[in-house]
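Q: Coordinates in target.txt, compact mmCIF, C-alpha atoms, are listed below.
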```txt
# COMPACT_ATOMS: atom_id res chain seq x y z
CA MET R 89 -37.30 23.20 50.16
CA MET R 90 -37.78 20.84 47.28
CA SER R 91 -35.20 19.82 44.77
CA VAL R 92 -36.00 19.84 41.09
CA GLU R 93 -35.25 16.51 39.47
CA LYS R 94 -34.09 17.03 35.95
CA THR R 95 -35.44 13.71 34.70
CA ASP R 96 -38.94 14.36 35.96
CA TYR R 97 -40.75 15.04 32.71
CA GLY R 98 -44.44 14.80 32.10
CA LEU R 99 -46.65 14.79 35.14
CA ARG R 100 -44.31 16.65 37.44
CA GLN R 101 -44.95 18.69 40.53
CA LYS R 102 -47.29 21.54 39.66
CA ASP R 103 -46.27 25.11 40.27
CA ARG R 104 -47.18 25.86 43.87
CA ARG R 105 -49.45 28.66 42.71
CA GLU R 106 -53.04 27.71 42.18
CA LEU R 107 -54.80 28.09 38.90
CA LEU R 108 -56.49 31.47 38.84
CA ALA R 109 -60.10 30.59 39.46
CA ARG R 110 -63.56 31.94 38.82
CA GLY R 111 -64.27 35.22 40.57
CA GLU R 112 -60.64 36.37 40.77
CA ALA R 113 -59.47 39.49 38.99
CA ALA R 114 -57.48 38.65 35.86
CA PRO R 115 -54.04 40.26 36.30
CA ASP R 116 -53.31 42.84 33.65
CA PHE R 117 -50.29 42.40 31.41
CA ASN R 118 -48.56 44.11 28.53
CA LEU R 119 -47.03 41.70 26.03
CA LYS R 120 -45.67 41.84 22.51
CA CYS R 121 -48.15 40.66 19.90
CA THR R 122 -45.82 41.36 16.99
CA PRO R 123 -42.10 42.20 16.99
CA ASP R 124 -42.96 45.90 17.36
CA GLN R 125 -46.45 46.04 18.87
CA TRP R 126 -47.65 45.54 22.41
CA LEU R 127 -51.03 44.54 23.68
CA LYS R 128 -52.56 45.08 27.12
CA LEU R 129 -55.28 42.89 28.53
CA SER R 130 -57.05 45.93 29.96
CA GLU R 131 -57.56 47.29 26.42
CA PHE R 132 -60.32 44.72 26.08
CA ARG R 133 -62.30 45.78 29.14
CA GLY R 134 -65.97 45.86 28.23
CA ARG R 135 -66.03 42.59 26.35
CA PRO R 136 -65.13 39.03 27.19
CA VAL R 137 -61.62 37.78 26.46
CA ILE R 138 -60.51 34.21 25.87
CA LEU R 139 -56.93 33.67 27.03
CA ALA R 140 -55.56 30.46 25.59
CA PHE R 141 -52.21 29.48 27.12
CA TYR R 142 -50.47 26.75 25.15
CA PRO R 143 -47.05 25.13 25.50
CA ALA R 144 -45.40 26.01 22.20
CA ASP R 145 -45.85 27.16 18.62
CA TRP R 146 -45.39 24.33 16.11
CA SER R 147 -45.95 21.41 18.48
CA PRO R 148 -48.54 19.00 17.04
CA VAL R 149 -51.33 19.35 19.60
CA CYS R 150 -50.87 23.13 19.87
CA GLY R 151 -51.00 23.47 16.12
CA ASP R 152 -54.31 21.61 16.03
CA GLN R 153 -55.72 23.60 18.91
CA ILE R 154 -54.67 26.95 17.49
CA THR R 155 -55.92 26.00 14.02
CA LEU R 156 -59.23 24.94 15.53
CA TYR R 157 -59.63 28.23 17.38
CA ASN R 158 -58.75 30.13 14.23
CA GLN R 159 -61.56 28.28 12.47
CA ILE R 160 -63.99 28.94 15.32
CA LEU R 161 -63.08 32.64 15.53
CA PRO R 162 -66.37 33.77 13.90
CA GLU R 163 -68.29 31.89 16.62
CA PHE R 164 -66.22 33.54 19.36
CA ARG R 165 -66.72 36.98 17.80
CA GLU R 166 -70.44 36.33 17.40
CA LEU R 167 -70.47 36.00 21.18
CA GLY R 168 -68.62 39.32 21.44
CA ALA R 169 -65.34 37.80 22.58
CA GLU R 170 -61.71 38.44 21.69
CA LEU R 171 -59.30 35.53 21.52
CA LEU R 172 -55.68 35.87 22.63
CA GLY R 173 -53.20 33.02 22.31
CA ILE R 174 -50.22 33.10 24.66
CA SER R 175 -47.05 31.06 24.95
CA VAL R 176 -43.43 31.59 25.96
CA ASP R 177 -42.35 31.74 22.31
CA GLY R 178 -40.83 35.00 21.08
CA ALA R 179 -42.59 37.50 18.84
CA TRP R 180 -40.66 36.44 15.72
CA CYS R 181 -41.57 32.82 16.27
CA HIS R 182 -45.22 33.82 16.71
CA ALA R 183 -45.01 35.87 13.52
CA ALA R 184 -43.80 32.87 11.54
CA PHE R 185 -46.37 30.56 13.11
CA THR R 186 -49.15 33.09 12.45
CA ARG R 187 -48.14 33.38 8.81
CA ASP R 188 -47.85 29.63 8.35
CA ARG R 189 -51.26 28.86 9.89
CA LYS R 190 -52.98 31.98 8.51
CA LEU R 191 -54.11 32.99 11.98
CA HIS R 192 -56.51 35.89 12.43
CA PHE R 193 -56.02 36.52 16.14
CA PRO R 194 -53.02 37.72 18.17
CA LEU R 195 -50.43 35.43 19.69
CA LEU R 196 -48.75 37.03 22.69
CA ALA R 197 -45.11 36.46 23.60
CA ASP R 198 -44.75 35.65 27.30
CA PHE R 199 -41.05 35.74 26.61
CA GLU R 200 -39.31 38.23 28.88
CA PRO R 201 -39.27 37.69 31.76
CA LYS R 202 -40.04 34.22 30.53
CA GLY R 203 -43.42 32.89 31.55
CA ALA R 204 -44.14 35.83 33.85
CA VAL R 205 -47.79 36.04 32.81
CA ALA R 206 -48.25 32.28 32.96
CA ARG R 207 -46.96 32.43 36.54
CA LEU R 208 -49.43 35.21 37.38
CA TYR R 209 -52.24 32.97 36.17
CA GLY R 210 -50.85 29.91 37.95
CA VAL R 211 -50.16 27.92 34.81
CA TYR R 212 -46.36 27.86 34.46
CA ARG R 213 -44.59 24.50 34.42
CA ASP R 214 -41.40 25.06 36.35
CA GLY R 215 -38.45 23.07 35.12
CA GLU R 216 -39.98 22.60 31.70
CA GLY R 217 -40.10 26.28 30.88
CA ILE R 218 -43.51 26.21 29.23
CA SER R 219 -47.05 26.99 30.28
CA GLU R 220 -49.84 24.55 30.85
CA ARG R 221 -52.46 24.12 28.17
CA ALA R 222 -54.89 26.38 30.00
CA LEU R 223 -57.98 28.33 29.09
CA PHE R 224 -59.41 31.40 30.76
CA VAL R 225 -62.60 33.19 29.88
CA ILE R 226 -62.46 36.68 31.35
CA ASP R 227 -65.68 38.64 31.65
CA PRO R 228 -66.16 42.23 30.44
CA GLU R 229 -65.23 43.54 33.92
CA GLY R 230 -61.91 41.74 33.85
CA ILE R 231 -62.91 38.96 36.26
CA VAL R 232 -62.15 35.31 35.55
CA TYR R 233 -65.43 33.66 34.65
CA TRP R 234 -64.11 30.21 33.81
CA SER R 235 -60.71 28.55 33.82
CA TYR R 236 -59.53 25.13 32.86
CA VAL R 237 -56.24 23.24 32.59
CA SER R 238 -56.18 20.47 30.04
CA PRO R 239 -53.82 17.50 30.23
CA ILE R 240 -50.82 18.85 28.31
CA GLY R 241 -51.20 16.37 25.45
CA VAL R 242 -54.95 16.77 25.03
CA ASN R 243 -56.46 19.44 22.83
CA PRO R 244 -59.28 20.83 24.99
CA GLY R 245 -61.53 21.85 22.10
CA ALA R 246 -63.80 24.84 22.47
CA ASP R 247 -66.99 23.57 24.09
CA GLY R 248 -66.05 24.92 27.54
CA ILE R 249 -65.21 28.33 26.08
CA ILE R 250 -68.44 28.55 24.11
CA ALA R 251 -70.52 27.49 27.12
CA ALA R 252 -68.86 30.15 29.31
CA LEU R 253 -69.30 32.88 26.68
CA GLU R 254 -72.96 31.99 26.26
CA GLU R 255 -73.50 32.21 30.01
CA ILE R 256 -71.82 35.61 30.13
CA LYS R 257 -73.89 36.82 27.21
CA HIS R 258 -77.19 35.59 28.61
CA GLY R 259 -76.35 36.93 32.05
CA LYS R 260 -75.76 40.32 30.46
CA ALA R 261 -79.03 40.19 28.57
CA LYS R 262 -81.08 40.19 31.77
CA MET Q 641 -76.98 2.58 30.39
CA MET Q 642 -74.43 1.95 27.69
CA ASN Q 643 -72.84 5.28 28.33
CA ARG Q 644 -72.25 4.49 31.94
CA THR Q 645 -69.25 2.23 31.41
CA LEU Q 646 -67.64 4.86 29.24
CA ASP Q 647 -68.41 7.70 31.61
CA ALA Q 648 -66.65 5.85 34.39
CA GLU Q 649 -63.27 6.10 32.65
CA ALA Q 650 -62.72 9.83 32.72
CA PRO Q 651 -64.63 13.03 32.26
CA LYS Q 652 -64.99 13.29 28.52
CA ALA Q 653 -66.89 15.53 26.21
CA ILE Q 654 -70.46 14.39 25.70
CA LEU Q 655 -72.11 15.18 22.43
CA THR Q 656 -74.98 17.61 22.69
CA LEU Q 657 -76.72 16.56 19.50
CA PRO Q 658 -77.04 12.77 19.34
CA VAL Q 659 -76.86 10.80 16.11
CA ALA Q 660 -80.04 12.03 14.60
CA ARG Q 661 -82.28 11.31 11.67
CA ARG Q 662 -80.68 14.17 9.78
CA ASP Q 663 -77.29 12.50 9.72
CA HIS Q 664 -75.75 10.50 6.92
CA ILE Q 665 -75.45 7.01 8.31
CA GLN Q 666 -74.20 3.62 7.22
CA GLY Q 667 -75.74 0.70 9.04
CA LEU Q 668 -78.82 0.37 11.15
CA ALA Q 669 -79.94 3.46 13.03
CA ASP Q 670 -80.75 1.35 16.10
CA ALA Q 671 -77.43 -0.49 16.13
CA PRO Q 672 -75.99 -0.83 19.65
CA ILE Q 673 -72.77 1.00 18.73
CA LYS Q 674 -73.01 4.42 17.18
CA LEU Q 675 -69.79 5.79 15.80
CA LEU Q 676 -69.93 9.40 14.71
CA GLU Q 677 -67.09 11.02 12.82
CA TYR Q 678 -66.56 14.74 12.48
CA GLY Q 679 -64.32 15.01 9.45
CA ASP Q 680 -62.78 17.15 6.76
CA PHE Q 681 -62.22 15.62 3.32
CA GLU Q 682 -58.92 17.42 2.86
CA CYS Q 683 -57.55 16.56 6.31
CA PRO Q 684 -54.66 14.07 6.08
CA SER Q 685 -55.51 12.54 9.47
CA CYS Q 686 -59.07 11.91 8.29
CA GLY Q 687 -57.59 10.29 5.21
CA GLN Q 688 -55.51 8.02 7.43
CA ALA Q 689 -58.54 7.17 9.56
CA TYR Q 690 -60.67 6.35 6.51
CA PRO Q 691 -59.39 2.78 5.84
CA ILE Q 692 -59.32 2.08 9.58
CA ILE Q 693 -62.97 3.02 9.90
CA LYS Q 694 -63.78 0.87 6.87
CA ALA Q 695 -62.07 -2.06 8.59
CA ILE Q 696 -63.98 -1.28 11.79
CA GLN Q 697 -67.25 -1.44 9.86
CA GLN Q 698 -66.24 -4.83 8.51
CA GLU Q 699 -65.31 -6.02 11.97
CA PHE Q 700 -68.53 -4.98 13.70
CA GLY Q 701 -71.01 -5.47 10.87
CA ASP Q 702 -74.62 -4.83 11.83
CA SER Q 703 -73.83 -3.94 15.40
CA LEU Q 704 -72.24 -0.67 14.28
CA CYS Q 705 -73.85 2.41 12.81
CA LEU Q 706 -71.48 4.99 11.31
CA ALA Q 707 -72.46 8.62 10.91
CA PHE Q 708 -70.48 11.43 9.32
CA ARG Q 709 -70.71 15.13 10.04
CA HIS Q 710 -68.75 17.90 8.40
CA PHE Q 711 -66.04 19.79 10.22
CA PRO Q 712 -64.17 21.54 7.40
CA LEU Q 713 -61.08 23.40 8.61
CA THR Q 714 -61.25 25.87 5.77
CA THR Q 715 -58.55 28.19 7.07
CA MET Q 716 -56.05 25.36 6.60
CA HIS Q 717 -57.70 23.37 3.82
CA SER Q 718 -58.78 25.47 0.90
CA HIS Q 719 -60.71 22.63 -0.77
CA ALA Q 720 -62.52 21.42 2.33
CA GLU Q 721 -65.65 23.53 1.98
CA HIS Q 722 -66.35 22.57 -1.63
CA ALA Q 723 -65.59 18.95 -0.83
CA ALA Q 724 -68.15 19.01 1.98
CA GLU Q 725 -70.63 20.68 -0.41
CA ALA Q 726 -69.89 17.98 -2.97
CA ALA Q 727 -70.66 15.23 -0.47
CA GLU Q 728 -73.97 16.89 0.38
CA ALA Q 729 -74.79 17.53 -3.26
CA ALA Q 730 -74.06 13.87 -4.05
CA GLY Q 731 -76.18 12.95 -1.03
CA ALA Q 732 -79.08 14.88 -2.52
CA GLN Q 733 -78.78 12.48 -5.45
CA GLY Q 734 -78.49 9.46 -3.17
CA LYS Q 735 -74.71 8.99 -3.32
CA PHE Q 736 -73.32 10.66 -0.20
CA TRP Q 737 -71.15 7.76 0.91
CA GLU Q 738 -69.91 6.99 -2.58
CA MET Q 739 -68.69 10.58 -2.91
CA HIS Q 740 -67.33 10.48 0.65
CA ASP Q 741 -65.26 7.40 -0.25
CA LEU Q 742 -64.01 8.77 -3.57
CA MET Q 743 -62.84 12.00 -1.97
CA PHE Q 744 -61.05 10.26 0.88
CA GLU Q 745 -59.40 7.96 -1.65
CA ASN Q 746 -58.28 10.94 -3.73
CA GLN Q 747 -57.49 13.61 -1.18
CA SER Q 748 -54.82 15.22 -3.32
CA ALA Q 749 -57.32 15.83 -6.13
CA LEU Q 750 -60.13 17.94 -4.73
CA GLU Q 751 -60.28 20.79 -7.22
CA ASP Q 752 -63.75 21.66 -8.50
CA GLN Q 753 -63.07 19.83 -11.77
CA ASP Q 754 -62.07 16.75 -9.78
CA LEU Q 755 -65.34 16.89 -7.85
CA ALA Q 756 -67.22 17.14 -11.16
CA ARG Q 757 -65.25 14.15 -12.45
CA TYR Q 758 -66.20 12.08 -9.40
CA ALA Q 759 -69.83 13.05 -9.88
CA LYS Q 760 -69.60 11.76 -13.44
CA VAL Q 761 -67.94 8.52 -12.31
CA LEU Q 762 -70.83 8.03 -9.88
CA GLY Q 763 -73.39 8.66 -12.61
CA LEU Q 764 -74.74 11.81 -11.00
CA ASP Q 765 -76.24 14.86 -12.64
CA VAL Q 766 -72.94 16.76 -12.88
CA ASP Q 767 -74.40 20.17 -13.74
CA ARG Q 768 -76.74 20.04 -10.78
CA LEU Q 769 -73.94 19.00 -8.42
CA VAL Q 770 -71.55 21.68 -9.64
CA GLY Q 771 -74.28 24.32 -9.51
CA GLU Q 772 -75.11 23.38 -5.94
CA ILE Q 773 -71.46 23.50 -4.93
CA LEU Q 774 -70.92 26.90 -6.50
CA SER Q 775 -74.06 28.37 -4.98
CA GLY Q 776 -73.25 26.98 -1.54
CA ALA Q 777 -76.57 25.17 -1.47
CA TYR Q 778 -75.62 23.15 1.62
CA TYR Q 779 -73.70 25.84 3.45
CA ASP Q 780 -76.20 26.08 6.31
CA ARG Q 781 -76.30 22.36 6.81
CA ILE Q 782 -72.50 22.17 6.92
CA ARG Q 783 -72.41 25.05 9.41
CA GLU Q 784 -74.94 23.21 11.54
CA ASP Q 785 -72.68 20.15 11.59
CA PHE Q 786 -69.71 22.34 12.41
CA LYS Q 787 -71.45 24.17 15.24
CA SER Q 788 -72.76 20.96 16.76
CA GLY Q 789 -69.18 19.75 16.72
CA ILE Q 790 -67.82 22.80 18.50
CA ARG Q 791 -70.41 22.47 21.23
CA GLY Q 792 -69.90 18.74 21.48
CA GLY Q 793 -66.17 19.07 22.12
CA VAL Q 794 -64.71 18.39 18.69
CA ASN Q 795 -61.04 19.30 19.05
CA GLY Q 796 -59.72 18.71 15.57
CA THR Q 797 -60.27 16.34 12.73
CA PRO Q 798 -61.14 13.60 12.79
CA THR Q 799 -62.97 13.55 16.10
CA LEU Q 800 -64.91 10.39 16.83
CA PHE Q 801 -67.78 9.93 19.25
CA ILE Q 802 -68.74 6.47 20.41
CA ASN Q 803 -72.33 6.43 21.62
CA GLY Q 804 -72.08 10.16 22.15
CA VAL Q 805 -68.84 10.20 24.12
CA ARG Q 806 -65.70 11.66 22.59
CA TYR Q 807 -63.01 9.11 21.83
CA ASP Q 808 -59.61 10.50 22.86
CA ASP Q 809 -57.38 7.48 22.30
CA THR Q 810 -55.20 6.83 19.25
CA LEU Q 811 -56.79 6.31 15.85
CA GLY Q 812 -55.54 2.77 15.46
CA PHE Q 813 -57.58 -0.30 14.58
CA GLU Q 814 -56.91 -2.21 17.82
CA ALA Q 815 -57.54 0.76 20.11
CA LEU Q 816 -60.80 1.53 18.32
CA VAL Q 817 -61.93 -2.09 18.39
CA ALA Q 818 -61.31 -2.18 22.14
CA ALA Q 819 -63.27 1.02 22.75
CA LEU Q 820 -66.16 -0.06 20.53
CA THR Q 821 -66.26 -3.48 22.16
CA ARG Q 822 -66.54 -1.84 25.56
CA ALA Q 823 -69.32 0.36 24.24
CA ALA Q 824 -71.21 -2.68 23.00
CA ALA Q 825 -70.91 -4.56 26.29
```
Rewrite the coordinates I just gave you, this time as structure tokens.
A:
Amino acid sequence: MMSVEKTDYGLRQKDRRELLARGEAAPDFNLKCTPDQWLKLSEFRGRPVILAFYPADWSPVCGDQITLYNQILPEFRELGAELLGISVDGAWCHAAFTRDRKLHFPLLADFEPKGAVARLYGVYRDGEGISERALFVIDPEGIVYWSYVSPIGVNPGADGIIAALEEIKHGKAK
Amino acid sequence: MMNRTLDAEAPKAILTLPVARRDHIQGLADAPIKLLEYGDFECPSCGQAYPIIKAIQQEFGDSLCLAFRHFPLTTMHSHAEHAAEAAEAAGAQGKFWEMHDLMFENQSALEDQDLARYAKVLGLDVDRLVGEILSGAYYDRIREDFKSGIRGGVNGTPTLFINGVRYDDTLGFEALVAALTRAAA
């Protein structure tokens, strides 16, 4: 129906799938978090999960974003949440990136079939072969509480994540 | 009313905690342009921004008030926490900005003995400063800065806020002058 133009970089046609939105069930997945370990989203049922899709290990903005989240990890954990980074990079690449940046949270390899999880969440960039820079906060029941796609070159920070986690926490406290 | 022109450009992070009396500032607190930096003394990008911000202060004079809050990325920068402590400890002796400048001008020398040396150069009580650094006397204050940054939308270092709105453009002199001029209008 539509032809893919190879020169169309940057702001190209979005994947026809919509961004998974608030209230929708977060699709489960089973991805490698190290070259020989797998991690399932459903393992975290019972507490909130932050899913941070990013385009690539090593790229400047991603590096800053991932480093920032690594630094903020105590704040996320204080709010009871687990942080999972996810990109189409392979497990060995993630291992090297994790070591280099001294990361204390898992990076998942959405590597084979490439970008399959990103597609499930509506954040794959067809033709470029990477995911959007997208954030999902999933509540303890496995339902998307908040989702956000940042312009690919802009580090979204963590204010949206923190606000969502605080709402979940205070909602629970009632 | 000043924020309105900025808000019109794009949805941008708005700072939750405005430039407050607690902050270290240079310039007049009621200046029409308030530039707030979240920074890390060991961060190379902050080091690159340092002379640009100095030039910006020259350019805008009394119409600009600069504030600095700590955002040490300690998982990447092993000296950042002590450097932030050193700035606070120097601030307790009235020399926050002097220490701030010395550290940004000597980013590759931020070992504890370097910090002590800078304290001596500035004529501070070195033992007191070192003791405060080692005991983490300003830890809570630095955490407060850090947390306010997270909630305000700080997405790395340096992050600048102009009258409470995050500045997302490049950290060049001309781009900053343009943004600050718009903020002052």
Q: Residues of chain Q within 7 Å of chain R: nearest atom pair and distance (Å, one decimal) for each, counting all atoms listed in the file, sorted by chain and number, as JSON lines?
A:
```
{"residue": "Q:Leu713", "atom": "CA", "partner": "R:Gln159", "partner_atom": "CA", "distance": 6.2}
{"residue": "Q:Thr715", "atom": "CA", "partner": "R:Gln159", "partner_atom": "CA", "distance": 6.2}
{"residue": "Q:Met716", "atom": "CA", "partner": "R:Arg189", "partner_atom": "CA", "distance": 6.8}
{"residue": "Q:Ile790", "atom": "CA", "partner": "R:Asp247", "partner_atom": "CA", "distance": 5.7}
{"residue": "Q:Arg791", "atom": "CA", "partner": "R:Asp247", "partner_atom": "CA", "distance": 4.6}
{"residue": "Q:Gly792", "atom": "CA", "partner": "R:Asp247", "partner_atom": "CA", "distance": 6.2}
{"residue": "Q:Gly793", "atom": "CA", "partner": "R:Asp247", "partner_atom": "CA", "distance": 5.0}
{"residue": "Q:Val794", "atom": "CA", "partner": "R:Gly245", "partner_atom": "CA", "distance": 5.8}
{"residue": "Q:Asn795", "atom": "CA", "partner": "R:Gly245", "partner_atom": "CA", "distance": 4.0}
{"residue": "Q:Gly796", "atom": "CA", "partner": "R:Asp152", "partner_atom": "CA", "distance": 6.2}
```
Q: Could you check how far CA of Arg757 in chain Q sits from CA of Pro798 in chain Q, in Å to one decimal?
A: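 Computed distance, CA of Arg757 in chain Q to CA of Pro798 in chain Q, equals 25.6 Å.
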Q: Using only C-alpha atoms, determine which residues lie at most 6 Å from Phe711 in chain Q, disregarding the query and same-chain residues fewer than 4 positions distant; provide the list as a list in words.
A: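 My list of contacting residues is Tyr678, Gly679, Asp680 and Phe786 of chain Q.
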Q: One decimal, Å: what's the distance from CA of Leu107 in chain R over to CA of Tyr233 in chain R, could you say?
A: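 About the pair CA of Leu107 in chain R and CA of Tyr233 in chain R: they are 12.7 Å apart.
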Q: I'd like the interatomic distance between CA of Ile231 in chain R and CA of Ala179 in chain R, to a tenth of an Å.
A: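 About the pair CA of Ile231 in chain R and CA of Ala179 in chain R: they are 26.8 Å apart.
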